[in-house]
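Colleague: Compact mmCIF, C-alpha atoms and all ligand atoms, saved as my_file_24.txt, coming up:
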```txt
# COMPACT_ATOMS: atom_id res chain seq x y z
CA MET A 1 -27.63 -9.53 -16.99
CA THR A 2 -25.40 -12.05 -15.17
CA GLN A 3 -24.31 -10.82 -11.78
CA LEU A 4 -20.55 -11.05 -11.13
CA THR A 5 -20.59 -12.63 -7.67
CA PHE A 6 -17.42 -13.05 -5.59
CA PRO A 7 -16.60 -16.14 -3.56
CA GLU A 8 -18.19 -16.55 -0.16
CA ASN A 9 -16.08 -14.90 2.59
CA PHE A 10 -14.42 -12.56 0.09
CA LEU A 11 -13.25 -9.58 2.17
CA TRP A 12 -14.22 -6.07 1.17
CA GLY A 13 -12.41 -3.26 2.91
CA THR A 14 -10.54 -0.01 2.66
CA ALA A 15 -6.95 0.94 3.39
CA THR A 16 -5.12 3.89 4.95
CA SER A 17 -1.71 4.59 6.47
CA SER A 18 -0.58 6.22 9.70
CA TYR A 19 1.20 9.36 8.49
CA GLN A 20 -1.49 10.07 5.90
CA ILE A 21 -4.41 10.17 8.35
CA GLU A 22 -3.45 10.15 12.02
CA GLY A 23 -2.16 13.64 12.74
CA ALA A 24 -1.23 14.05 16.44
CA ALA A 25 2.38 14.07 15.33
CA ARG A 26 3.68 15.49 18.57
CA GLU A 27 1.22 13.93 20.99
CA ASP A 28 1.50 11.26 23.63
CA GLY A 29 5.21 10.75 23.19
CA ARG A 30 5.34 10.03 19.43
CA GLY A 31 8.87 10.51 18.16
CA PRO A 32 9.70 12.31 14.90
CA SER A 33 9.73 10.42 11.61
CA ILE A 34 11.52 11.02 8.32
CA TRP A 35 8.24 12.37 6.92
CA ASP A 36 8.03 15.06 9.61
CA ASP A 37 11.57 16.05 8.61
CA PHE A 38 11.03 15.80 4.86
CA CYS A 39 7.92 17.99 4.94
CA ARG A 40 9.99 20.81 6.40
CA LEU A 41 12.32 20.87 3.37
CA LYS A 42 11.66 23.71 0.96
CA ASP A 43 9.42 22.71 -1.97
CA ALA A 44 9.30 19.07 -0.89
CA ILE A 45 5.49 19.13 -0.60
CA GLN A 46 3.51 20.80 -3.39
CA ASP A 47 1.16 22.74 -1.13
CA GLY A 48 3.68 23.22 1.69
CA SER A 49 1.61 21.04 4.03
CA ASP A 50 2.50 18.11 6.29
CA GLY A 51 0.84 15.30 8.22
CA SER A 52 0.90 16.92 11.64
CA VAL A 53 -2.92 17.18 11.73
CA ALA A 54 -3.97 15.29 8.57
CA CYS A 55 -7.44 13.76 9.13
CA ASP A 56 -7.07 13.86 12.91
CA HIS A 57 -7.80 10.15 12.90
CA TYR A 58 -5.82 9.78 16.15
CA HIS A 59 -8.72 11.52 17.90
CA ARG A 60 -11.52 10.55 15.52
CA TYR A 61 -10.81 6.86 15.03
CA ARG A 62 -14.16 5.86 16.58
CA GLU A 63 -16.01 7.96 14.01
CA ASP A 64 -13.91 6.45 11.22
CA VAL A 65 -14.56 2.90 12.37
CA ALA A 66 -18.29 3.74 12.55
CA LEU A 67 -18.07 4.92 8.93
CA MET A 68 -16.57 1.59 7.85
CA LYS A 69 -19.30 -0.23 9.69
CA ALA A 70 -21.96 1.92 8.03
CA LEU A 71 -20.40 1.01 4.67
CA GLY A 72 -20.75 -2.68 5.48
CA LEU A 73 -16.98 -3.28 5.28
CA LYS A 74 -15.55 -6.37 6.89
CA ALA A 75 -11.82 -5.59 6.81
CA TYR A 76 -9.56 -2.59 7.31
CA ARG A 77 -5.91 -2.24 6.39
CA PHE A 78 -4.07 0.41 8.40
CA SER A 79 -0.46 0.96 9.39
CA ILE A 80 1.34 1.46 12.66
CA ALA A 81 3.55 4.51 13.11
CA TRP A 82 6.87 3.04 14.22
CA PRO A 83 7.89 6.27 16.06
CA ARG A 84 4.62 6.25 18.02
CA VAL A 85 5.51 2.84 19.45
CA LEU A 86 9.29 3.25 19.67
CA PRO A 87 9.99 7.02 19.65
CA ALA A 88 13.72 6.47 19.10
CA GLY A 89 13.16 3.56 16.74
CA ARG A 90 14.65 1.06 19.19
CA GLY A 91 14.66 0.54 22.93
CA ALA A 92 12.00 2.06 25.15
CA VAL A 93 8.40 1.35 24.18
CA ASN A 94 5.91 4.22 24.44
CA PRO A 95 2.85 2.76 26.21
CA LYS A 96 0.59 5.58 25.00
CA GLY A 97 1.61 4.90 21.42
CA ILE A 98 0.83 1.22 21.52
CA GLY A 99 -2.27 2.11 23.57
CA PHE A 100 -3.74 3.95 20.60
CA TYR A 101 -3.50 0.89 18.33
CA ASP A 102 -4.81 -1.29 21.12
CA ARG A 103 -7.98 0.81 21.30
CA LEU A 104 -8.27 0.98 17.52
CA VAL A 105 -8.08 -2.80 17.20
CA ASP A 106 -10.71 -3.26 19.91
CA GLU A 107 -12.98 -0.75 18.21
CA LEU A 108 -12.62 -2.56 14.87
CA LEU A 109 -13.30 -5.97 16.33
CA ALA A 110 -16.36 -4.66 18.18
CA ALA A 111 -17.63 -3.40 14.80
CA GLY A 112 -17.03 -6.80 13.19
CA ILE A 113 -14.11 -5.50 11.08
CA ARG A 114 -10.96 -7.64 10.63
CA PRO A 115 -7.74 -5.66 11.03
CA PHE A 116 -4.91 -6.10 8.50
CA VAL A 117 -1.94 -4.33 10.02
CA THR A 118 0.95 -2.94 7.98
CA LEU A 119 4.03 -2.49 10.12
CA TYR A 120 5.84 -0.06 7.84
CA HIS A 121 4.15 2.44 5.57
CA TRP A 122 7.07 4.83 5.25
CA ASP A 123 7.29 6.68 8.58
CA LEU A 124 10.76 5.60 9.70
CA PRO A 125 11.83 7.07 13.08
CA SER A 126 14.21 10.00 12.46
CA ALA A 127 16.61 8.55 15.04
CA LEU A 128 17.15 5.54 12.78
CA ASN A 129 17.63 7.71 9.72
CA ALA A 130 20.45 9.41 11.60
CA GLN A 131 22.11 5.98 11.62
CA GLY A 132 21.67 5.51 7.88
CA GLY A 133 18.04 4.34 7.85
CA TRP A 134 17.44 1.59 5.30
CA THR A 135 20.94 1.99 3.89
CA ASN A 136 22.28 0.51 7.13
CA ARG A 137 22.22 -3.28 7.07
CA ASP A 138 21.25 -3.25 10.77
CA SER A 139 17.84 -1.89 9.70
CA ALA A 140 16.64 -5.48 9.11
CA GLY A 141 17.20 -6.26 12.79
CA TRP A 142 15.72 -2.95 13.97
CA PHE A 143 12.59 -3.68 11.98
CA ALA A 144 12.26 -7.25 13.25
CA ASP A 145 12.63 -6.04 16.86
CA TYR A 146 9.95 -3.40 16.33
CA ALA A 147 7.67 -6.00 14.70
CA THR A 148 8.13 -8.26 17.73
CA VAL A 149 7.04 -5.47 20.11
CA VAL A 150 3.89 -4.80 18.10
CA VAL A 151 2.93 -8.43 17.54
CA ARG A 152 3.40 -9.18 21.25
CA ALA A 153 1.05 -6.31 22.08
CA LEU A 154 -1.66 -6.87 19.47
CA GLY A 155 -1.16 -10.42 18.21
CA ASP A 156 -3.83 -11.87 20.49
CA ARG A 157 -6.38 -10.00 18.33
CA VAL A 158 -4.61 -9.17 15.05
CA LYS A 159 -3.92 -12.22 12.89
CA ASP A 160 -3.09 -10.62 9.52
CA TRP A 161 0.23 -8.80 9.29
CA ILE A 162 1.86 -6.99 6.40
CA THR A 163 5.54 -6.27 6.88
CA LEU A 164 6.23 -3.47 4.39
CA ASN A 165 4.15 -1.33 2.10
CA GLU A 166 5.62 -0.78 -1.38
CA PRO A 167 9.34 -1.10 -0.61
CA TRP A 168 10.06 0.11 -4.16
CA CYS A 169 8.77 3.54 -3.11
CA SER A 170 10.82 3.54 0.09
CA ALA A 171 14.01 2.63 -1.79
CA TYR A 172 13.67 4.46 -5.10
CA LEU A 173 11.42 7.47 -4.40
CA GLY A 174 13.19 7.96 -1.08
CA TYR A 175 16.83 7.36 -1.93
CA GLU A 176 17.25 7.71 -5.71
CA PHE A 177 14.62 10.17 -6.97
CA GLY A 178 14.41 12.37 -3.87
CA MET A 179 10.62 12.62 -4.13
CA HIS A 180 9.86 10.92 -0.82
CA ALA A 181 11.50 10.99 2.59
CA PRO A 182 14.37 10.96 3.33
CA GLY A 183 14.79 12.78 0.00
CA TYR A 184 18.18 11.53 -1.24
CA GLN A 185 19.27 11.23 -4.86
CA ASP A 186 21.86 8.51 -4.99
CA GLN A 187 21.66 5.23 -6.88
CA ALA A 188 23.99 3.41 -4.48
CA LEU A 189 21.87 4.39 -1.49
CA ALA A 190 18.73 3.18 -3.28
CA SER A 191 20.33 -0.18 -4.10
CA LYS A 192 21.34 -0.68 -0.49
CA ALA A 193 17.93 0.39 0.77
CA MET A 194 16.25 -2.05 -1.62
CA HIS A 195 18.31 -5.03 -0.43
CA HIS A 196 17.94 -4.11 3.24
CA LEU A 197 14.19 -3.59 2.94
CA LEU A 198 13.87 -7.06 1.43
CA LEU A 199 16.09 -8.43 4.17
CA ALA A 200 13.96 -6.63 6.76
CA HIS A 201 10.86 -8.27 5.31
CA GLY A 202 12.39 -11.74 5.49
CA THR A 203 13.80 -11.20 8.99
CA ALA A 204 10.45 -9.88 10.22
CA LEU A 205 8.59 -12.88 8.76
CA GLN A 206 10.46 -15.04 11.25
CA ALA A 207 10.08 -12.57 14.14
CA ILE A 208 6.34 -12.14 13.60
CA ARG A 209 5.76 -15.90 13.53
CA ALA A 210 7.84 -16.30 16.69
CA ALA A 211 5.84 -13.59 18.50
CA GLY A 212 2.43 -14.62 17.14
CA ASP A 213 0.39 -17.79 17.43
CA ALA A 214 -0.60 -20.63 15.13
CA ASN A 215 -3.21 -18.42 13.43
CA THR A 216 -0.76 -15.64 12.57
CA ARG A 217 -0.59 -14.89 8.85
CA VAL A 218 2.05 -12.65 7.38
CA GLY A 219 2.82 -11.23 3.97
CA ILE A 220 4.11 -8.15 2.16
CA THR A 221 2.41 -5.51 0.04
CA LEU A 222 4.11 -4.64 -3.24
CA ASN A 223 3.14 -2.08 -5.85
CA PHE A 224 2.93 -3.22 -9.45
CA GLU A 225 2.72 -1.48 -12.80
CA PRO A 226 2.78 -4.34 -15.31
CA ASN A 227 3.71 -4.08 -18.96
CA LEU A 228 0.72 -4.47 -21.26
CA PRO A 229 1.10 -4.91 -25.02
CA ALA A 230 -0.03 -1.78 -26.88
CA SER A 231 -1.85 -4.02 -29.37
CA GLU A 232 -2.63 -7.69 -29.81
CA SER A 233 0.12 -8.02 -32.44
CA GLU A 234 2.72 -10.69 -31.77
CA ASP A 235 5.52 -8.08 -31.83
CA ASP A 236 3.88 -5.92 -29.18
CA ARG A 237 3.12 -8.91 -27.02
CA ARG A 238 6.72 -10.06 -27.17
CA ALA A 239 7.97 -6.53 -26.47
CA ALA A 240 5.72 -6.25 -23.40
CA ALA A 241 6.79 -9.65 -22.10
CA GLU A 242 10.48 -8.79 -22.51
CA ALA A 243 10.41 -5.17 -21.29
CA PHE A 244 12.14 -4.47 -18.00
CA ASP A 245 9.85 -4.26 -14.98
CA LEU A 246 11.77 -3.05 -11.93
CA LEU A 247 8.76 -3.36 -9.66
CA TYR A 248 8.25 -7.04 -10.41
CA GLU A 249 11.82 -8.12 -11.05
CA GLY A 250 13.34 -6.14 -8.19
CA PHE A 251 10.85 -7.06 -5.47
CA ALA A 252 8.34 -9.83 -6.24
CA GLU A 253 10.90 -11.99 -8.03
CA PRO A 254 13.55 -12.21 -5.27
CA ILE A 255 10.81 -12.85 -2.70
CA LEU A 256 9.30 -15.63 -4.81
CA THR A 257 12.48 -17.16 -6.22
CA GLY A 258 15.27 -16.27 -3.79
CA ALA A 259 17.42 -14.64 -6.49
CA TYR A 260 18.00 -11.30 -8.18
CA ASN A 261 18.07 -11.69 -11.93
CA GLU A 262 20.90 -10.39 -14.14
CA ARG A 263 19.10 -7.17 -15.00
CA ILE A 264 18.63 -6.33 -11.33
CA LEU A 265 22.18 -7.27 -10.36
CA ALA A 266 23.47 -5.05 -13.16
CA ARG A 267 21.66 -2.07 -11.64
CA MET A 268 22.81 -2.64 -8.08
CA VAL A 269 25.58 -0.37 -6.89
CA GLY A 270 27.71 -1.03 -3.81
CA VAL A 271 25.43 -3.63 -2.21
CA GLU A 272 26.84 -6.37 -0.08
CA ILE A 273 24.78 -9.53 -0.52
CA ARG A 274 25.92 -11.96 2.15
CA PRO A 275 25.53 -15.73 1.98
CA GLY A 276 22.13 -16.62 3.39
CA ASP A 277 20.52 -13.25 2.56
CA MET A 278 18.52 -14.55 -0.38
CA ALA A 279 17.13 -17.47 1.61
CA ILE A 280 15.91 -15.01 4.26
CA ILE A 281 14.35 -12.78 1.59
CA ALA A 282 12.55 -15.78 0.10
CA GLY A 283 11.05 -16.89 3.44
CA ARG A 284 7.55 -18.30 3.37
CA ASN A 285 4.73 -15.78 3.00
CA ASP A 286 1.13 -16.62 3.83
CA PHE A 287 -0.15 -14.16 1.24
CA MET A 288 0.94 -11.30 -0.97
CA GLY A 289 -0.69 -7.88 -1.09
CA VAL A 290 -1.06 -6.28 -4.53
CA ASN A 291 -1.28 -2.50 -4.90
CA TYR A 292 -2.47 -1.63 -8.37
CA TYR A 293 -3.25 1.73 -9.93
CA SER A 294 -2.03 1.68 -13.53
CA ALA A 295 0.02 -0.20 -16.12
CA LYS A 296 2.58 0.59 -18.84
CA LEU A 297 1.68 0.13 -22.50
CA ILE A 298 4.56 -1.30 -24.51
CA SER A 299 4.82 -1.17 -28.28
CA ALA A 300 7.56 -2.98 -30.24
CA ARG A 301 7.97 0.02 -32.50
CA ARG A 302 7.46 2.92 -30.09
CA GLY A 303 8.60 1.51 -26.72
CA ALA A 304 6.56 2.75 -23.76
CA VAL A 305 3.44 4.50 -25.05
CA TYR A 306 1.96 7.29 -22.97
CA ASP A 307 -0.48 9.02 -25.26
CA ASP A 308 -2.97 6.35 -26.31
CA ASP A 309 -5.18 6.45 -23.26
CA PRO A 310 -8.77 7.41 -23.03
CA GLU A 311 -8.54 8.59 -19.42
CA PHE A 312 -6.13 9.76 -16.75
CA THR A 313 -6.75 10.32 -13.06
CA ARG A 314 -5.83 13.53 -11.23
CA MET A 315 -2.46 11.91 -10.44
CA GLY A 316 -1.87 11.68 -14.22
CA TRP A 317 -2.10 7.90 -14.09
CA ALA A 318 -3.70 6.16 -17.07
CA VAL A 319 -6.85 4.19 -16.25
CA ARG A 320 -6.01 0.65 -17.38
CA PRO A 321 -8.17 -1.93 -15.55
CA ALA A 322 -6.80 -4.76 -17.72
CA GLY A 323 -3.48 -4.35 -15.94
CA LEU A 324 -5.04 -5.55 -12.70
CA TYR A 325 -6.08 -8.80 -14.36
CA ALA A 326 -2.62 -9.08 -15.93
CA ILE A 327 -0.68 -8.75 -12.68
CA LEU A 328 -3.00 -11.10 -10.78
CA MET A 329 -2.52 -13.72 -13.51
CA GLN A 330 1.25 -13.14 -13.59
CA LEU A 331 1.52 -13.72 -9.82
CA HIS A 332 -0.84 -16.69 -10.03
CA ARG A 333 1.37 -18.31 -12.66
CA ALA A 334 4.61 -17.45 -10.82
CA THR A 335 3.35 -19.05 -7.59
CA ARG A 336 1.47 -21.91 -9.31
CA GLY A 337 -1.62 -20.65 -7.53
CA ARG A 338 -0.18 -21.51 -4.13
CA LEU A 339 0.06 -18.03 -2.65
CA PRO A 340 -3.22 -16.34 -1.67
CA LEU A 341 -3.46 -12.77 -2.94
CA TYR A 342 -5.20 -9.67 -1.62
CA ILE A 343 -5.62 -6.42 -3.47
CA THR A 344 -4.33 -4.24 -0.65
CA GLU A 345 -4.77 -0.97 -2.58
CA ASN A 346 -6.65 0.17 -5.61
CA GLY A 347 -8.44 3.44 -6.18
CA ALA A 348 -8.28 6.79 -7.92
CA SER A 349 -7.87 10.48 -7.23
CA PHE A 350 -10.28 12.77 -9.01
CA ALA A 351 -11.27 16.38 -8.33
CA ASP A 352 -14.47 16.06 -6.30
CA GLN A 353 -17.24 18.62 -5.87
CA VAL A 354 -19.71 18.89 -3.00
CA THR A 355 -23.22 19.53 -4.30
CA ASP A 356 -25.99 19.92 -1.73
CA GLY A 357 -23.95 17.99 0.78
CA ARG A 358 -23.26 15.08 -1.59
CA VAL A 359 -20.25 14.09 -3.69
CA HIS A 360 -21.33 12.59 -7.02
CA ASP A 361 -17.99 11.06 -7.97
CA GLU A 362 -19.18 9.00 -10.91
CA ARG A 363 -15.68 8.70 -12.39
CA ARG A 364 -14.41 7.02 -9.23
CA VAL A 365 -17.44 4.72 -9.24
CA ALA A 366 -16.70 3.77 -12.87
CA TYR A 367 -13.00 3.24 -12.05
CA LEU A 368 -13.86 0.93 -9.16
CA ARG A 369 -16.48 -0.98 -11.15
CA ALA A 370 -14.02 -1.60 -14.00
CA HIS A 371 -11.32 -2.84 -11.60
CA PHE A 372 -13.72 -5.00 -9.55
CA THR A 373 -14.76 -6.61 -12.83
CA GLN A 374 -11.14 -7.46 -13.68
CA ALA A 375 -10.59 -8.91 -10.20
CA HIS A 376 -13.68 -11.06 -10.67
CA ARG A 377 -12.39 -12.20 -14.06
CA ALA A 378 -9.07 -13.24 -12.47
CA ILE A 379 -10.90 -15.27 -9.82
CA GLN A 380 -12.90 -16.98 -12.58
CA ASP A 381 -9.57 -17.86 -14.19
CA GLY A 382 -8.30 -19.53 -11.03
CA VAL A 383 -6.59 -16.77 -9.03
CA ASP A 384 -6.83 -17.28 -5.27
CA LEU A 385 -7.85 -13.71 -4.50
CA ARG A 386 -9.17 -13.35 -0.97
CA GLY A 387 -10.05 -9.69 -0.58
CA TYR A 388 -10.08 -6.17 -1.97
CA PHE A 389 -9.07 -3.03 -0.06
CA VAL A 390 -9.99 0.21 -1.78
CA TRP A 391 -7.52 3.05 -1.36
CA SER A 392 -8.64 4.93 0.54
CA LEU A 393 -11.26 5.12 3.27
CA ILE A 394 -10.89 8.89 3.51
CA ASP A 395 -9.19 11.66 1.56
CA ASN A 396 -5.78 12.16 3.13
CA PHE A 397 -2.23 13.51 2.93
CA GLU A 398 -0.94 12.31 -0.43
CA TRP A 399 2.78 12.58 0.34
CA SER A 400 4.57 15.13 -1.89
CA PHE A 401 1.19 16.20 -3.35
CA GLY A 402 -0.04 17.31 0.07
CA TYR A 403 -3.81 17.64 0.34
CA GLN A 404 -4.37 18.22 -3.39
CA GLN A 405 -5.23 14.64 -4.28
CA PHE A 406 -8.45 12.92 -3.28
CA PHE A 407 -8.45 9.14 -3.11
CA GLY A 408 -11.13 8.67 -0.44
CA VAL A 409 -14.52 7.07 -0.84
CA VAL A 410 -15.27 9.46 2.00
CA ARG A 411 -14.45 13.14 1.66
CA VAL A 412 -12.73 15.06 4.42
CA GLU A 413 -13.50 18.76 4.87
CA TYR A 414 -10.12 19.65 6.36
CA ALA A 415 -11.33 22.95 7.88
CA THR A 416 -13.86 21.14 10.09
CA GLN A 417 -12.72 17.51 9.77
CA ALA A 418 -16.29 16.65 8.73
CA ARG A 419 -16.57 13.40 6.77
CA ILE A 420 -18.96 13.11 3.79
CA ILE A 421 -19.58 9.69 2.26
CA LYS A 422 -19.11 10.03 -1.51
CA ASP A 423 -21.26 8.16 -4.02
CA SER A 424 -18.29 5.79 -4.44
CA GLY A 425 -18.57 5.01 -0.72
CA TYR A 426 -22.24 4.09 -1.14
CA TYR A 427 -21.32 2.09 -4.24
CA LEU A 428 -18.64 0.19 -2.30
CA ARG A 429 -21.20 -0.46 0.46
CA ASP A 430 -23.64 -1.93 -2.08
CA VAL A 431 -20.93 -4.06 -3.71
CA ALA A 432 -19.72 -5.33 -0.31
CA THR A 433 -23.26 -6.11 0.76
CA ALA A 434 -24.13 -7.93 -2.47
CA ASN A 435 -20.62 -9.43 -2.67
CA ALA A 436 -20.93 -8.80 -6.40
CA VAL A 437 -19.99 -6.19 -8.98
CA LEU A 438 -22.97 -3.90 -9.47
O1 LIG A 501 -1.34 7.19 -1.04
C1 LIG A 501 -0.54 6.20 -1.60
C2 LIG A 501 -0.24 5.12 -0.58
O2 LIG A 501 0.36 5.63 0.55
C3 LIG A 501 0.66 4.08 -1.17
N1 LIG A 501 0.17 3.60 -2.43
C4 LIG A 501 -0.28 4.56 -3.41
C5 LIG A 501 -1.22 5.55 -2.79
C6 LIG A 501 -1.67 6.58 -3.83
O3 LIG A 501 -0.57 7.26 -4.33
```
What would the structure in this file look like if it were written as structure tokens?
Ligand code: IFM

Modeller:
Amino acid sequence: MTQLTFPENFLWGTATSSYQIEGAAREDGRGPSIWDDFCRLKDAIQDGSDGSVACDHYHRYREDVALMKALGLKAYRFSIAWPRVLPAGRGAVNPKGIGFYDRLVDELLAAGIRPFVTLYHWDLPSALNAQGGWTNRDSAGWFADYATVVVRALGDRVKDWITLNEPWCSAYLGYEFGMHAPGYQDQALASKAMHHLLLAHGTALQAIRAAGDANTRVGITLNFEPNLPASESEDDRRAAAEAFDLLYEGFAEPILTGAYNERILARMVGVEIRPGDMAIIAGRNDFMGVNYYSAKLISARRGAVYDDDPEFTRMGWAVRPAGLYAILMQLHRATRGRLPLYITENGASFADQVTDGRVHDERRVAYLRAHFTQAHRAIQDGVDLRGYFVWSLIDNFEWSFGYQQFFGVVRVEYATQARIIKDSGYYLRDVATANAVL
């Protein structure tokens, strides 16, 4: 059997985010975030939980870094809680807040693990939400100022920065569908949030470069759900190519081309796009982060097809590894291969069982193997893919699903906070060590 080997220096890692794992929500001067507020709303979270304790990573980060080291991982993507650093969102810096990330970065570097830091993974300070949050155009400046504070504090050791995680979720789940914080249901608010998030990304690109050094690299992480043809027929292929894709057209396209297309402009309500905005949004990125979990199947005759799949995860997402190859190739073509890519999230939630102290999560292992294989195929076809971060290092707070979804390659026993490496964790260790799909 031919071994599918990845390029030398390919980075294998895992990803997490602050609100989902840290806990310590009221400790050491952390200010409240929109997720603290949202979790208190009736029925907002399926199991009535919140992230106030989560995986207690704030106190157990050394143990978690040791786990990554034991798994042979060379990179870790985590996010900074804005309200830990700037409790009111702007103004006074909380030294204890930045101190936590300072220690975390040192711990990672001592373990030989390269930090990839996301500046915004959804925990907006409540004080800024009171001023309109992302619907306020000033949010771009607030975000750039916050980014400057963090890069000045950590930029001597952190070289890889991600501005925003999945701005589609912040804008649409947060402001139009009401499923995420701050929980609004208003198309105009979502349109404004979308434009301001993109503007915040572009403004922060400049701020991060100004605060960093010549080795600073900065990009954005977007989530994708590409359209795949339901069959190889010409009609289905055309239908898939022509079908609307808000995730790509609304976010990747303006960043890569500096323009919103007609379909996006037609959906925007009440947004003021000022001269110069699009040039800021299309500022130079050093890389793009790709979050991939599933794809849409499009049939010319039936439209979007939901019932043809062999397998769904516990989230109800169809397992479609070919979509990962498709989006990597689409981005490769759109950037003429000039923009390095990282898979900044990919993984699956399944119901795990502990048997004699082990978690035999063979479905997650199969999911990862199938997706690693597609990533390898894309590299063979010319994609400049530099690394792969599995979502997630540990089971954690899955937003409106609470603690009922399990994405970790390490299980968390929430009653004791004990960590148990799942078979998928050992599999990832073996893949990372061999630098090949096994
Ligand atoms: O847990 C989330 C993460 O915060 C963002 N991307 C998708 C993951 C799974 O839903």

Colleague: If the limit is 8 Å from any atom of ligand LIG 501 (chain A), counting all atoms listed in the file, which residues qualify? Return them as a tab-separated table (two decimals) with C-alpha atoms, in the frame of the given file.

Modeller:
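As written to disk, result_30.tsv reads:
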```
chain	number	residue	atom	x	y	z
A	16	THR	CA	-5.12	3.89	4.95
A	17	SER	CA	-1.71	4.59	6.47
A	20	GLN	CA	-1.49	10.07	5.90
A	121	HIS	CA	4.15	2.44	5.57
A	165	ASN	CA	4.15	-1.33	2.10
A	166	GLU	CA	5.62	-0.78	-1.38
A	223	ASN	CA	3.14	-2.08	-5.85
A	291	ASN	CA	-1.28	-2.50	-4.90
A	293	TYR	CA	-3.25	1.73	-9.93
A	315	MET	CA	-2.46	11.91	-10.44
A	345	GLU	CA	-4.77	-0.97	-2.58
A	347	GLY	CA	-8.44	3.44	-6.18
A	348	ALA	CA	-8.28	6.79	-7.92
A	391	TRP	CA	-7.52	3.05	-1.36
A	392	SER	CA	-8.64	4.93	0.54
A	396	ASN	CA	-5.78	12.16	3.13
A	397	PHE	CA	-2.23	13.51	2.93
A	398	GLU	CA	-0.94	12.31	-0.43
A	399	TRP	CA	2.78	12.58	0.34
A	407	PHE	CA	-8.45	9.14	-3.11
```

Colleague: Check the smallest atom-to-atom distance from each of A:Ala370, A:Ala81, A:Val319, A:Leu385 to Val150 (chain A) using only C-alpha atoms, then report the winner.

Modeller: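 Among the listed residues, A:Ala81 lies closest to Val150 (chain A).
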
Colleague: Near Ile80 (chain A), counting only C-alpha atoms, which residues have an atom at most 9 Å away, once you skip same-chain residues fewer than 4 positions from it, shown as a ChimeraX atom specification?

Modeller: /A:17-19,84-85,98,101,117-121,123,150

Colleague: Nearest to Glu272 (chain A): which of A:Asp50, A:Leu199, A:Ile420, A:Ala66 is it, counting all atoms listed in the file?

Modeller: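 Closest to Glu272 (chain A), using all atoms listed in the file: A:Leu199.
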
Colleague: Return the single residue from A:Tyr325, A:Ser52, A:Thr148, A:Gly387 that is closest to Arg114 (chain A), with distances computed using all atoms listed in the file.

Modeller: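 Closest to Arg114 (chain A) of all the choices is A:Gly387.
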
Colleague: What's the separation between CA of Leu128 (chain A) and CA of Phe401 (chain A), in Å to one decimal place?

Modeller: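 We find that CA of Leu128 (chain A) and CA of Phe401 (chain A) lie 25.1 Å from each other.
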
Colleague: Taking into account only C-alpha atoms, which residue in the set A:Ala434, A:Asn136, A:Asp245, A:Arg419 is nearest to Glu63 (chain A)?

Modeller: A:Arg419
